[in-house]
$ cat start_7.txt   # compact mmCIF, C-alpha atoms
# COMPACT_ATOMS: atom_id res chain seq x y z
CA MET P 1 89.74 81.02 131.15
CA SER P 2 90.36 79.10 134.38
CA GLU P 3 93.68 79.20 136.21
CA THR P 4 94.40 75.63 135.12
CA GLU P 5 93.96 76.44 131.44
CA GLU P 6 97.07 77.62 129.69
CA ARG P 7 96.57 80.52 127.32
CA LYS P 8 97.75 80.17 123.74
CA VAL P 9 100.68 82.46 123.00
CA LEU P 10 102.16 83.31 119.60
CA HIS P 11 105.98 83.68 119.65
CA PRO P 12 106.41 83.40 123.44
CA ASP P 13 110.19 83.68 123.09
CA PHE P 14 109.90 87.13 121.47
CA PHE P 15 108.77 88.85 124.70
CA THR P 16 108.69 88.61 128.47
CA GLU P 17 105.99 89.66 130.90
CA GLU P 18 108.18 89.67 134.03
CA PRO P 19 108.63 92.08 135.66
CA GLU P 20 106.91 94.04 132.87
CA VAL P 21 106.07 93.41 129.22
CA ARG P 22 109.15 93.90 127.04
CA LEU P 23 110.18 92.59 123.64
CA ILE P 24 113.33 90.47 123.52
CA ALA P 25 115.81 91.44 120.82
CA GLY P 26 119.20 90.13 119.81
CA LYS P 27 122.38 92.17 120.15
CA SER P 28 125.69 91.11 118.64
CA LYS P 29 128.53 91.49 121.15
CA SER P 30 131.08 92.12 118.39
CA SER P 31 129.18 94.45 116.04
CA GLY P 32 126.63 95.99 118.41
CA ASN P 33 123.85 95.34 115.86
CA TRP P 34 120.36 94.85 117.35
CA THR P 35 117.76 92.65 115.65
CA PHE P 36 114.14 91.76 116.20
CA PRO P 37 113.13 89.03 116.28
CA PRO P 38 116.15 87.75 118.22
CA TYR P 39 118.29 85.71 115.84
CA LEU P 40 120.98 83.23 116.88
CA ALA P 41 123.54 85.06 114.72
CA ASP P 42 123.95 88.65 113.57
CA PRO P 43 122.35 88.79 110.09
CA VAL P 44 124.85 91.47 109.00
CA SER P 45 128.18 90.16 110.32
CA PHE P 46 127.14 86.49 110.62
CA GLN P 47 128.79 86.35 114.06
CA ASP P 48 127.11 83.92 116.44
CA ASP P 49 127.78 86.07 119.51
CA VAL P 50 124.21 87.34 119.90
CA GLU P 51 122.83 87.87 123.38
CA HIS P 52 119.09 88.24 123.96
CA LEU P 53 118.19 91.46 125.77
CA PRO P 54 114.95 93.32 126.49
CA LEU P 55 114.05 96.37 124.43
CA PRO P 56 112.68 99.42 126.25
CA LYS P 57 109.01 99.14 127.22
CA ASN P 58 108.11 102.20 125.12
CA GLY P 59 108.75 102.92 121.46
CA VAL P 60 107.71 105.49 118.86
CA LEU P 61 104.93 104.91 116.32
CA HIS P 62 106.71 105.44 112.99
CA SER P 63 103.79 104.55 110.71
CA PHE P 64 100.47 102.74 110.91
CA THR P 65 97.40 101.65 109.01
CA ILE P 66 93.97 100.44 110.02
CA VAL P 67 93.28 96.93 108.75
CA ARG P 68 89.60 96.55 107.87
CA ARG P 69 89.76 93.27 105.91
CA SER P 70 91.96 90.42 106.99
CA LEU P 71 92.20 86.67 107.26
CA PRO P 72 89.20 85.03 108.94
CA ASP P 73 90.84 84.50 112.34
CA PHE P 74 91.80 88.17 112.83
CA PRO P 75 89.04 90.35 114.29
CA VAL P 76 88.82 93.61 112.34
CA PRO P 77 89.40 96.47 112.45
CA PHE P 78 92.83 96.52 114.06
CA GLY P 79 95.79 98.84 113.90
CA LEU P 80 99.04 97.62 112.35
CA GLY P 81 102.07 99.77 113.03
CA LEU P 82 105.81 100.13 112.69
CA ILE P 83 107.30 100.92 116.08
CA ASP P 84 110.79 102.36 116.38
CA PHE P 85 113.23 101.83 119.22
CA PRO P 86 115.67 104.57 118.18
CA ASP P 87 118.55 103.86 120.58
CA GLN P 88 118.72 100.25 119.39
CA LYS P 89 117.96 101.10 115.73
CA VAL P 90 115.20 98.46 115.74
CA ARG P 91 111.84 98.74 113.98
CA VAL P 92 109.06 96.29 114.86
CA MET P 93 105.82 95.59 112.99
CA ALA P 94 102.96 94.73 115.32
CA GLN P 95 99.31 95.26 116.06
CA VAL P 96 98.46 98.55 117.76
CA GLU P 97 95.32 98.87 119.84
CA ALA P 98 93.44 102.00 120.86
CA ASP P 99 89.96 102.94 122.02
CA ASP P 100 89.41 104.76 118.72
CA LEU P 101 91.94 103.77 116.06
CA GLU P 102 91.24 106.81 113.87
CA LYS P 103 91.42 109.41 116.65
CA ASP P 104 93.88 107.95 119.15
CA LEU P 105 96.83 107.05 116.88
CA SER P 106 99.25 109.58 115.43
CA LEU P 107 102.69 109.42 113.87
CA GLY P 108 105.54 110.02 116.28
CA MET P 109 103.52 109.22 119.38
CA GLU P 110 104.91 107.16 122.22
CA VAL P 111 103.49 103.64 122.48
CA GLU P 112 104.01 100.94 125.09
CA THR P 113 104.45 97.21 124.73
CA ILE P 114 101.53 95.13 125.99
CA VAL P 115 100.23 91.58 125.64
CA GLY P 116 96.79 91.07 124.18
CA VAL P 117 94.65 89.01 121.86
CA VAL P 118 96.02 89.14 118.31
CA ARG P 119 93.79 86.52 116.67
CA LYS P 120 91.47 83.58 117.21
CA ALA P 121 92.44 79.90 117.06
CA LYS P 122 90.43 77.51 114.88
CA ASP P 123 88.56 76.38 118.02
CA GLY P 124 87.56 79.99 118.74
CA SER P 125 89.91 80.49 121.68
CA ASP P 126 92.07 83.61 121.94
CA ILE P 127 95.70 83.68 120.86
CA PHE P 128 97.86 86.22 122.70
CA SER P 129 101.07 87.98 121.72
CA TYR P 130 102.88 91.28 121.99
CA LYS P 131 101.23 94.42 120.65
CA PHE P 132 101.32 98.13 121.41
CA LYS P 133 99.01 100.86 122.69
CA PRO P 134 99.39 104.62 123.09
CA VAL P 135 100.98 105.86 126.30
CA LYS P 136 98.40 107.90 128.16
$ encode --input "start_7.txt" --output "structure tokens"
Amino acid sequence: MSETEERKVLHPDFFTEEPEVRLIAGKSKSSGNWTFPPYLADPVSFQDDVEHLPLPKNGVLHSFTIVRRSLPDFPVPFGLGLIDFPDQKVRVMAQVEADDLEKDLSLGMEVETIVGVVRKAKDGSDIFSYKFKPVK
């Protein structure tokens, strides 16, 4: 991809890459509830006092599976995991990448937020979004 081409990004408002890759979550000022994705109002209290804040870069792999059959635009196999951010009480479902999905992923391991290819567009170009990988 040349510097003049803009990459295709899925849900660009759900994460930031500056100064490092972090998911953006919502936190209600009145209730303290955190949500991901970042809503405009707290889905529990219905208060519209939500501020958008970055989650920590690293989370904990709560559960995962290896997807071997998927929709045509998703290269398989890929890891799909539930990542916990315990201090914020937020759980995120996202792709998880590893050199060897069967050997390199384990429950309870620390994973870091990254940006990578999550699927292909109809024209064959890459679509990027947030995903996770094990912390080395």
$ residues_around --input "start_7.txt" --residues "Leu80 of chain P" --least-positions-apart "2" --cutoff "10 Å" --atoms "all atoms listed in the file" --output "list in words"
Ser63, Phe64, Thr65, Ile66, Val67, Pro77, Phe78, Leu82, Ile83, Met93, Ala94, Gln95, Val96, Glu97, Lys131 and Phe132 of chain P
$ atom_distance --input "start_7.txt" --atom1 "atom CA of Pro37 of chain P" --atom2 "atom CA of Glu102 of chain P"
28.3 Å
$ closest_residue --input "start_7.txt" --among "P:Arg91, P:Pro72, P:Ser28, P:Lys57" --to "Ala121 of chain P" --atoms "all atoms listed in the file"
P:Pro72
$ atom_distance --input "start_7.txt" --atom1 "atom CA of Thr16 of chain P" --atom2 "atom CA of Asp100 of chain P"
27.0 Å
$ closest_residue --input "start_7.txt" --among "P:Lys103, P:His62, P:Arg119, P:His52" --to "Phe74 of chain P" --atoms "only C-alpha atoms"
P:Arg119
$ atom_distance --input "start_7.txt" --atom1 "atom CA of Asp73 of chain P" --atom2 "atom CA of Arg7 of chain P"
16.5 Å
$ residues_near_point --input "start_7.txt" --point "(100.0, 81.5, 120.8)" --cutoff "12 Å" --atoms "all atoms listed in the file" --output "ChimeraX atom specification"
/P:6-14,115-122,125-130
$ closest_residue --input "start_7.txt" --among "P:Ser45, P:Phe85, P:Arg68, P:Leu105" --to "Ala25 of chain P" --atoms "all atoms listed in the file"
P:Phe85
$ residues_near_point --input "start_7.txt" --point "(124.3, 91.8, 108.9)" --cutoff "12 Å" --atoms "all atoms listed in the file" --output "NGL selection string"
:P and (27-28 or 30-35 or 39 or 41-48 or 50)
$ closest_residue --input "start_7.txt" --among "P:Val60, P:Leu55, P:Leu40, P:Val111" --to "Ile24 of chain P" --atoms "all atoms listed in the file"
P:Leu55
$ closest_residue --input "start_7.txt" --among "P:Pro134, P:Gly124, P:Pro54, P:Pro86" --to "Leu101 of chain P" --atoms "all atoms listed in the file"
P:Pro134
